[in-house]
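Participant: After the structure tokens below, expect a handful of questions from me.
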Amino acid sequence: MSLRIAAVGDVHLGADVGGRYRSHLTGIEEKADVLLLAGDLTRHGTLEEGEVVVQEFRDLPIPVVAVLGNHDHHSDKPAEIAAMLRDAGIMVLHDDSVVIDINGTRLGVVGGKGFGGGFAGKCASEFGEPEIKAFVNHTKRIADRWRVALKELEADKRVVLSHYSPVNDTLAGEPPEIYPFLGSYLLAEAIDAEGADLILHGHAHMGTEKGITSAGIRVRNVALPVLGRAYGVYCLNGEGGC
Amino acid sequence: MEAPQYVAARVQGALAEDDRTHELGIRVDVRGDQLFLRGQVGCQERRTLIADVAAEAAPGLTIHNELSVVDIREPEEEETL
Ligand SMILES: [Fe+2]
Ligand SMILES: [Fe+2]
């Protein structure tokens, strides 16, 4: 049995665009089995914008799993926004996992916001001032939690859902100077160690859709401005194809 | 006269931090007394707000609003992995 995964990130909803995205979700159940949201659902992370997100993605005929992004943290209300989404039946990952049964196939999704730091050979390290250590440590803790979640995950197919990027391939198009703020290789290292079938992320609006980790796991940047279409659909092949 | 790079950086900072915009992915270039805004935004209202905030952060410059509004296309054929 194969799984069709719809994904989009960086919809950056607010009252000014409320209802506009929803119209593109009509008939999604014919194209995909699950919808994954890769963070930056809002612009400012206010509760009012959280409510727009709820209205846009609630009561879809397929399960919806989300992570939050940096914009969703801006007003210091990420827990409240996550609770609003959960109350509307949208699953929200915070460095943990969920397993969804789709026609007898268990799809495991692990993820969270992720964070920055840069890519191997061109990255920050835990050295010097406490501010730098805290920055790098935040990413390390996240990567460790993902590693544990992946190790413990029991599923037929494994997808990692992040906001920040684990690889630099999918950042092509962004100024190289800001790569350390767009993602971290520590995330990819953790995922490569435990294995996954697909990694989805957003955040890099000017990046590129397709990339790959060092171990060969496919990475897709599903930020809405990168896709240019309402969502991408990725088919994880079982026997027989999609 | 202030160096154009600093003006561009100040405008970019204002676009990220101003409550009306919070846009991080806008490219700002200053050439002489001209300021160019490039990138993609979600709707026409945001496009106008960004130009307003940029104009406030760089008074005296002529703003060229070359931002485009993202046109959301219908989803395509799936990709099989
Ligand atoms: Fe974003
Ligand atoms: Fe982001």
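Residues are referred to by chain and number: the chain letter is A, B, ... according to the order shown in the structure tokens, the number counts from 1 in that chain, and ligands are numbered separately from 1 in the order shown.
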Residues of chain A within 6 Å of chain B, using only C-alpha atoms, as a count of residues only?
Facilitator: 8
Participant: Could you produce a table of the residues of chain A lying within 10 Å of ligand 1, with the nearest pair of atoms per residue and their separation in Å rounded to one decimal, using only C-alpha atoms and all ligand atoms, ordered by chain and increasing residue number, as a Markdown table?
Facilitator:
```
| residue | atom | partner | partner_atom_place_in_ligand_line | distance |
| --- | --- | --- | --- | --- |
| A:Gly9 | CA | ligand 1 | 1 (Fe) | 7.4 |
| A:Asp10 | CA | ligand 1 | 1 (Fe) | 4.3 |
| A:Val11 | CA | ligand 1 | 1 (Fe) | 7.4 |
| A:His12 | CA | ligand 1 | 1 (Fe) | 6.6 |
| A:Ala38 | CA | ligand 1 | 1 (Fe) | 9.3 |
| A:Gly39 | CA | ligand 1 | 1 (Fe) | 7.4 |
| A:Asp40 | CA | ligand 1 | 1 (Fe) | 4.9 |
| A:Leu41 | CA | ligand 1 | 1 (Fe) | 7.9 |
| A:Thr42 | CA | ligand 1 | 1 (Fe) | 8.5 |
| A:Arg43 | CA | ligand 1 | 1 (Fe) | 7.9 |
| A:Gly69 | CA | ligand 1 | 1 (Fe) | 7.2 |
| A:Asn70 | CA | ligand 1 | 1 (Fe) | 7.6 |
| A:His71 | CA | ligand 1 | 1 (Fe) | 6.8 |
| A:Asp72 | CA | ligand 1 | 1 (Fe) | 9.4 |
| A:His163 | CA | ligand 1 | 1 (Fe) | 8.5 |
| A:Tyr164 | CA | ligand 1 | 1 (Fe) | 9.5 |
| A:Gly202 | CA | ligand 1 | 1 (Fe) | 6.8 |
| A:His203 | CA | ligand 1 | 1 (Fe) | 4.4 |
| A:Ala204 | CA | ligand 1 | 1 (Fe) | 6.8 |
| A:His205 | CA | ligand 1 | 1 (Fe) | 6.3 |
| A:Met206 | CA | ligand 1 | 1 (Fe) | 9.9 |
| A:Ala223 | CA | ligand 1 | 1 (Fe) | 7.1 |
| A:Leu224 | CA | ligand 1 | 1 (Fe) | 8.6 |
| A:Pro225 | CA | ligand 1 | 1 (Fe) | 9.0 |
```
Participant: Could you save the residues just selected, with C-alpha atoms, as a PDB file, in the first residue's frame?
Facilitator:
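Below you can see again22.pdb, which holds the result:
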```
ATOM      1  CA  GLY A   9       4.708  25.345   4.757  1.00  0.00           C
ATOM      2  CA  ASP A  10       4.912  29.099   5.204  1.00  0.00           C
ATOM      3  CA  VAL A  11       1.301  29.849   4.394  1.00  0.00           C
ATOM      4  CA  HIS A  12       1.729  32.885   6.725  1.00  0.00           C
ATOM      5  CA  ALA A  38       5.718  22.680   7.812  1.00  0.00           C
ATOM      6  CA  GLY A  39       5.374  25.722  10.102  1.00  0.00           C
ATOM      7  CA  ASP A  40       5.099  29.505   9.697  1.00  0.00           C
ATOM      8  CA  LEU A  41       1.373  29.118   9.601  1.00  0.00           C
ATOM      9  CA  THR A  42       0.998  32.722  10.805  1.00  0.00           C
ATOM     10  CA  ARG A  43       2.856  35.979  10.292  1.00  0.00           C
ATOM     11  CA  GLY A  69       7.695  27.904  12.686  1.00  0.00           C
ATOM     12  CA  ASN A  70       9.674  30.893  13.914  1.00  0.00           C
ATOM     13  CA  HIS A  71       6.890  33.311  12.944  1.00  0.00           C
ATOM     14  CA  ASP A  72       4.446  31.301  15.056  1.00  0.00           C
ATOM     15  CA  HIS A 163      10.312  24.062   9.781  1.00  0.00           C
ATOM     16  CA  TYR A 164      14.066  24.717   9.530  1.00  0.00           C
ATOM     17  CA  GLY A 202       9.794  25.102   4.990  1.00  0.00           C
ATOM     18  CA  HIS A 203      11.307  28.432   6.147  1.00  0.00           C
ATOM     19  CA  ALA A 204      13.560  29.088   3.134  1.00  0.00           C
ATOM     20  CA  HIS A 205      11.140  31.038   0.938  1.00  0.00           C
ATOM     21  CA  MET A 206      13.720  31.619  -1.785  1.00  0.00           C
ATOM     22  CA  ALA A 223       7.545  26.560   1.564  1.00  0.00           C
ATOM     23  CA  LEU A 224       4.582  27.951  -0.375  1.00  0.00           C
ATOM     24  CA  PRO A 225       6.641  30.533  -2.330  1.00  0.00           C
TER      25      PRO A 225
END
```
Participant: When DSSP works through the backbone of this structure, what residues of chain B end up as strand (DSSP E or B), shown as a list in words?
Facilitator: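 Residues of chain B classed as strand (DSSP E or B): Arg27, Val28, Asp29, Val30, Arg31, Gln34, Leu35, Phe36, Leu37, Arg38, Gly39, Gln40, Val41, Thr62, Ile63, His64, Asn65, Glu66, Leu67, Ser68, Val69, Arg73, Glu79 and Thr80 of chain B.
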Participant: Please determine, counting only C-alpha atoms and all ligand atoms, which residue among A:Ile142, A:Pro130, A:Ile212, A:Gly114 has the shortest atom-to-atom distance to ligand 2.
Facilitator: A:Gly114
Participant: Excluding same-chain residues fewer than 4 positions from region 144-156 of chain A, what lies within 12 Å of it counting only C-alpha atoms, as a ChimeraX atom specification?
Facilitator: /A:1-3,93-114,137-140,160-162,166,186-197,236-238
Participant: Take the residues from that selection and put them in a file with C-alpha atoms, as a PDB file, in the first residue's frame.
Facilitator:
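And here is the file that came out, result_1.pdb:
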```
ATOM      1  CA  MET A   1       0.000   0.000   0.000  1.00  0.00           C
ATOM      2  CA  SER A   2       1.428   3.359  -0.933  1.00  0.00           C
ATOM      3  CA  LEU A   3       0.977   6.649   0.873  1.00  0.00           C
ATOM      4  CA  LEU A  93       4.336  17.884  16.780  1.00  0.00           C
ATOM      5  CA  HIS A  94       6.799  19.372  19.254  1.00  0.00           C
ATOM      6  CA  ASP A  95       9.897  17.198  18.925  1.00  0.00           C
ATOM      7  CA  ASP A  96       7.802  14.069  19.217  1.00  0.00           C
ATOM      8  CA  SER A  97       5.960  11.679  16.940  1.00  0.00           C
ATOM      9  CA  VAL A  98       2.566  10.515  15.849  1.00  0.00           C
ATOM     10  CA  VAL A  99       1.533   7.338  14.052  1.00  0.00           C
ATOM     11  CA  ILE A 100      -1.486   7.482  11.744  1.00  0.00           C
ATOM     12  CA  ASP A 101      -3.165   4.420  10.322  1.00  0.00           C
ATOM     13  CA  ILE A 102      -3.897   4.970   6.635  1.00  0.00           C
ATOM     14  CA  ASN A 103      -5.791   2.042   5.120  1.00  0.00           C
ATOM     15  CA  GLY A 104      -3.779  -0.378   7.227  1.00  0.00           C
ATOM     16  CA  THR A 105      -0.383   1.266   6.618  1.00  0.00           C
ATOM     17  CA  ARG A 106       1.174   2.954   9.635  1.00  0.00           C
ATOM     18  CA  LEU A 107       2.604   6.352   8.762  1.00  0.00           C
ATOM     19  CA  GLY A 108       4.936   7.689  11.457  1.00  0.00           C
ATOM     20  CA  VAL A 109       5.662  11.403  11.516  1.00  0.00           C
ATOM     21  CA  VAL A 110       8.437  12.804  13.707  1.00  0.00           C
ATOM     22  CA  GLY A 111       9.229  16.466  13.969  1.00  0.00           C
ATOM     23  CA  GLY A 112       9.086  19.941  15.330  1.00  0.00           C
ATOM     24  CA  LYS A 113      10.286  23.424  14.557  1.00  0.00           C
ATOM     25  CA  GLY A 114      13.983  22.555  14.245  1.00  0.00           C
ATOM     26  CA  ASN A 137      22.507  23.953  22.315  1.00  0.00           C
ATOM     27  CA  HIS A 138      18.908  24.625  21.286  1.00  0.00           C
ATOM     28  CA  THR A 139      19.532  22.848  17.963  1.00  0.00           C
ATOM     29  CA  LYS A 140      21.425  20.000  19.635  1.00  0.00           C
ATOM     30  CA  VAL A 160      10.251  13.905   9.353  1.00  0.00           C
ATOM     31  CA  LEU A 161       8.407  17.227   9.411  1.00  0.00           C
ATOM     32  CA  SER A 162      10.440  20.326  10.268  1.00  0.00           C
ATOM     33  CA  PRO A 166      18.343  19.887   7.745  1.00  0.00           C
ATOM     34  CA  LEU A 186      22.684  18.438  13.161  1.00  0.00           C
ATOM     35  CA  LEU A 187      19.059  17.722  12.249  1.00  0.00           C
ATOM     36  CA  ALA A 188      20.084  15.705   9.169  1.00  0.00           C
ATOM     37  CA  GLU A 189      22.765  13.883  11.144  1.00  0.00           C
ATOM     38  CA  ALA A 190      20.180  12.692  13.677  1.00  0.00           C
ATOM     39  CA  ILE A 191      17.718  11.638  10.972  1.00  0.00           C
ATOM     40  CA  ASP A 192      20.385   9.876   8.918  1.00  0.00           C
ATOM     41  CA  ALA A 193      21.432   7.900  12.003  1.00  0.00           C
ATOM     42  CA  GLU A 194      17.947   6.495  12.551  1.00  0.00           C
ATOM     43  CA  GLY A 195      16.559   6.479   9.030  1.00  0.00           C
ATOM     44  CA  ALA A 196      13.475   7.990   7.409  1.00  0.00           C
ATOM     45  CA  ASP A 197      11.719   7.815   4.042  1.00  0.00           C
ATOM     46  CA  LEU A 236       5.893   6.847  -0.743  1.00  0.00           C
ATOM     47  CA  ASN A 237       5.787   3.760  -2.790  1.00  0.00           C
ATOM     48  CA  GLY A 238       4.556   0.478  -1.481  1.00  0.00           C
TER      49      GLY A 238
END
```
Participant: Which residue, A:Gly173, A:Pro61, A:Gly116, A:Gly121, has the smallest gap to ligand 2 when you use only C-alpha atoms and all ligand atoms?
Facilitator: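 Closest candidate: A:Gly116.
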